[in-house]
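Okay, so here's the structure we're looking at.
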Amino acid sequence: MLRFAVIEILPAAVFLVPVYLLLHKLYFRDARRCGLCFLFSFYLCAVYALVGLPNASYIRFDLSGNLIPFRDMLTGLRSTVQNVLLFVPLGVFLPLLWKKYRMCRSTVRFGFCMSLAIELLQIFTYRATDINDLITNTAGAFLGFLLARVAMRRFPGIAGTVQCKKDLLIVFMLPFIIMFFLYPVWIAIL
């Protein structure tokens with residue numbers, strides 16, 4: 001899974017690096033803040049690639065999936081663990097970067113909504129929509145939040161570099177735009 005993610009997100013870096021260098025000069029003007037937002041965007045590119053979100057070159061409608069909670073969750077234990085681990089960084093980054101997400105409820109709700117959006121978008125791909133993914137991804141965001149809380153208590157200066165809502169929009173929309181529009185073009189060229 002990790003090797004696949006690295007291969008998939010390298011093209012994203014080709015687009016993200018120059019965009020963030022430009023954003024650093026024009027918008028962020030703080031290397032630490034810009035760097036953390038870049039890392040978060042890079043992580044999101046990996047998530048978008050791993051979950052198989054639709055892109056401009058491939059959209060198809062497929063209503064397959066599992067809507068029964070916990071069905072086959074233990075038989076697919078590896079997949080379950082991977083889904084939890086996939087959202088741990090989300091749960092870590094949100095409270096470290098944005099004050100609003102230093103409350104457990106806010107971070108878990110965001111993780112749930114992002115997972116729900118991914119599962120709904122998977123209707124337009126070859127991937128199956130699964131309620132268990134929603135549960136495990138949300139659990140991963142919760143686990144990440146707990147890890148962030150431990151880190152913030154242990155290292156008090158680690159949190160609080162990004163406060164603007166525009167930053168959250170930039171961090172989430174750039175990877176989506178890159179993976180939806182530019183990534184298919186890059187792959188076609190190669």
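Numbering starts fresh at 1 for the residues of each chain in the structure tokens, the chains themselves are lettered A, B, ... in the order given, and ligands are numbered from 1 as they appear.
Close contacts of Leu134 of chain A, defined as residues with an atom at most 7 Å away when counting only C-alpha atoms, with chain neighbours fewer than 4 positions off set aside, comprise Phe112, Ser115, Leu116, Asp130 and Thr138 of chain A.
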Near-segment 30-44 of chain A list (8 Å; only C-alpha atoms; drop same-chain fewer than 4 positions) as a PyMOL selection string:
chain A and resi 9+12-13+16-17+20+23-24+48+89+93+97+161-162+167+171-172+174-175
Writing out the chosen residues with all heavy atoms as a compact mmCIF listing (two decimals), in the first residue's frame:
# COMPACT_ATOMS: atom_id res chain seq x y z
N ILE A 9 1.65 9.48 -5.74
CA ILE A 9 1.69 10.90 -5.34
C ILE A 9 2.91 11.64 -5.88
O ILE A 9 2.96 12.86 -5.79
CB ILE A 9 1.59 11.08 -3.82
CG1 ILE A 9 2.76 10.42 -3.11
CG2 ILE A 9 0.27 10.60 -3.31
CD1 ILE A 9 2.81 10.69 -1.63
N ALA A 12 1.86 14.24 -8.16
CA ALA A 12 1.22 15.34 -7.43
C ALA A 12 2.26 16.32 -6.91
O ALA A 12 2.04 17.53 -6.91
CB ALA A 12 0.38 14.79 -6.28
N ALA A 13 3.41 15.80 -6.51
CA ALA A 13 4.48 16.68 -6.01
C ALA A 13 4.97 17.62 -7.11
O ALA A 13 5.34 18.76 -6.83
CB ALA A 13 5.63 15.84 -5.47
N LEU A 16 2.38 20.27 -6.79
CA LEU A 16 2.26 20.90 -5.48
C LEU A 16 3.45 21.78 -5.12
O LEU A 16 3.27 22.85 -4.55
CB LEU A 16 2.09 19.84 -4.39
CG LEU A 16 0.69 19.37 -4.07
CD1 LEU A 16 0.72 18.33 -2.97
CD2 LEU A 16 -0.23 20.51 -3.68
N VAL A 17 4.65 21.31 -5.41
CA VAL A 17 5.84 22.06 -4.99
C VAL A 17 5.86 23.48 -5.58
O VAL A 17 5.97 24.45 -4.83
CB VAL A 17 7.13 21.27 -5.32
CG1 VAL A 17 8.36 22.14 -5.15
CG2 VAL A 17 7.22 20.03 -4.45
N TYR A 20 3.03 25.63 -3.99
CA TYR A 20 3.30 26.05 -2.61
C TYR A 20 4.45 27.04 -2.53
O TYR A 20 4.46 27.90 -1.64
CB TYR A 20 3.51 24.84 -1.69
CG TYR A 20 2.21 24.43 -1.05
CD1 TYR A 20 1.42 23.43 -1.59
CD2 TYR A 20 1.76 25.06 0.10
CE1 TYR A 20 0.22 23.07 -1.01
CE2 TYR A 20 0.57 24.71 0.71
CZ TYR A 20 -0.20 23.71 0.15
OH TYR A 20 -1.39 23.37 0.73
N LEU A 23 2.65 30.15 -3.31
CA LEU A 23 1.79 30.50 -2.18
C LEU A 23 2.61 31.04 -1.02
O LEU A 23 2.16 31.93 -0.29
CB LEU A 23 0.97 29.31 -1.73
CG LEU A 23 -0.24 28.96 -2.57
CD1 LEU A 23 -0.84 27.63 -2.14
CD2 LEU A 23 -1.29 30.06 -2.49
N HIS A 24 3.80 30.49 -0.81
CA HIS A 24 4.66 30.98 0.27
C HIS A 24 5.02 32.45 0.04
O HIS A 24 4.96 33.26 0.96
CB HIS A 24 5.92 30.13 0.36
CG HIS A 24 6.92 30.66 1.33
ND1 HIS A 24 6.64 30.81 2.67
CD2 HIS A 24 8.19 31.09 1.17
CE1 HIS A 24 7.69 31.32 3.29
NE2 HIS A 24 8.65 31.49 2.39
N TYR A 48 -6.33 10.65 -1.68
CA TYR A 48 -7.16 10.68 -2.89
C TYR A 48 -6.75 9.59 -3.86
O TYR A 48 -7.58 8.96 -4.51
CB TYR A 48 -7.11 12.05 -3.56
CG TYR A 48 -7.67 13.19 -2.74
CD1 TYR A 48 -7.34 14.50 -3.02
CD2 TYR A 48 -8.55 12.96 -1.68
CE1 TYR A 48 -7.85 15.56 -2.28
CE2 TYR A 48 -9.06 14.01 -0.94
CZ TYR A 48 -8.71 15.29 -1.23
OH TYR A 48 -9.22 16.33 -0.50
N PRO A 89 -3.39 10.47 10.19
CA PRO A 89 -2.76 11.77 9.94
C PRO A 89 -3.76 12.93 9.85
O PRO A 89 -3.46 14.05 10.28
CB PRO A 89 -2.04 11.58 8.60
CG PRO A 89 -1.80 10.11 8.52
CD PRO A 89 -2.99 9.48 9.18
N PHE A 93 -3.19 16.24 11.94
CA PHE A 93 -2.97 17.54 11.31
C PHE A 93 -4.03 18.57 11.71
O PHE A 93 -3.69 19.73 11.95
CB PHE A 93 -2.97 17.42 9.78
CG PHE A 93 -1.64 17.10 9.19
CD1 PHE A 93 -1.41 15.89 8.56
CD2 PHE A 93 -0.60 18.02 9.24
CE1 PHE A 93 -0.18 15.60 7.99
CE2 PHE A 93 0.63 17.75 8.68
CZ PHE A 93 0.84 16.53 8.06
N LEU A 97 -2.98 22.20 13.30
CA LEU A 97 -2.96 23.36 12.42
C LEU A 97 -4.08 24.37 12.70
O LEU A 97 -3.87 25.56 12.53
CB LEU A 97 -3.04 22.92 10.96
CG LEU A 97 -1.82 22.17 10.44
CD1 LEU A 97 -2.08 21.64 9.04
CD2 LEU A 97 -0.61 23.06 10.45
N THR A 161 -0.09 27.06 14.26
CA THR A 161 0.53 27.92 13.27
C THR A 161 -0.44 28.41 12.21
O THR A 161 -0.21 29.42 11.59
CB THR A 161 1.70 27.20 12.58
OG1 THR A 161 1.20 26.04 11.94
CG2 THR A 161 2.77 26.83 13.56
N VAL A 162 -1.52 27.70 11.98
CA VAL A 162 -2.47 28.07 10.93
C VAL A 162 -3.83 28.34 11.57
O VAL A 162 -4.34 27.51 12.29
CB VAL A 162 -2.59 26.95 9.87
CG1 VAL A 162 -3.56 27.34 8.78
CG2 VAL A 162 -1.25 26.60 9.29
N ASP A 167 -6.91 28.87 4.59
CA ASP A 167 -5.85 27.88 4.55
C ASP A 167 -6.43 26.47 4.44
O ASP A 167 -5.92 25.64 3.69
CB ASP A 167 -4.99 27.96 5.82
CG ASP A 167 -4.22 29.25 5.93
OD1 ASP A 167 -4.26 30.05 4.98
OD2 ASP A 167 -3.59 29.47 6.97
N VAL A 171 -5.63 23.93 1.43
CA VAL A 171 -5.04 22.63 1.72
C VAL A 171 -5.88 21.49 1.16
O VAL A 171 -5.34 20.49 0.69
CB VAL A 171 -4.83 22.46 3.25
CG1 VAL A 171 -4.53 21.03 3.62
CG2 VAL A 171 -3.73 23.37 3.73
N PHE A 172 -7.19 21.61 1.17
CA PHE A 172 -8.05 20.53 0.68
C PHE A 172 -8.35 20.63 -0.81
O PHE A 172 -8.46 19.60 -1.48
CB PHE A 172 -9.35 20.49 1.47
CG PHE A 172 -9.23 19.67 2.71
CD1 PHE A 172 -8.76 20.25 3.88
CD2 PHE A 172 -9.53 18.33 2.71
CE1 PHE A 172 -8.61 19.49 5.03
CE2 PHE A 172 -9.38 17.56 3.85
CZ PHE A 172 -8.92 18.15 5.01
N LEU A 174 -6.53 22.20 -3.35
CA LEU A 174 -5.39 22.01 -4.24
C LEU A 174 -5.15 20.53 -4.57
O LEU A 174 -5.05 20.18 -5.75
CB LEU A 174 -4.12 22.61 -3.64
CG LEU A 174 -3.84 24.05 -3.99
CD1 LEU A 174 -2.62 24.56 -3.24
CD2 LEU A 174 -3.65 24.23 -5.48
N PRO A 175 -5.07 19.66 -3.58
CA PRO A 175 -4.89 18.24 -3.92
C PRO A 175 -6.04 17.67 -4.74
O PRO A 175 -5.82 16.88 -5.66
CB PRO A 175 -4.81 17.54 -2.56
CG PRO A 175 -4.41 18.60 -1.62
CD PRO A 175 -4.99 19.87 -2.13
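Closest approach to Ile118 of chain A among A:Ile131, A:Leu168, A:Leu146, A:Leu182: A:Ile131, based on only C-alpha atoms.
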Residue among A:Phe181, A:Phe15, A:Phe176, A:Phe145 lying closest to Cys104 of chain A, counting only C-alpha atoms
A:Phe145
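Computed from the coordinates, the atom CA of Val51 of chain A to atom CA of Leu63 of chain A distance equals 16.1 Å.
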Just how far from atom CA of Ala141 of chain A is atom CA of Val92 of chain A, in Å to one decimal?
7.6 Å
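For the pair atom CA of Met152 of chain A and atom CA of Lys99 of chain A, the separation is 11.8 Å.
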Write down as a ChimeraX atom specification the residues of segment 7-124 of chain A whose backbone DSSP state falls under alpha helix (DSSP H).
/A:7-23,31-50,77-97,104-121
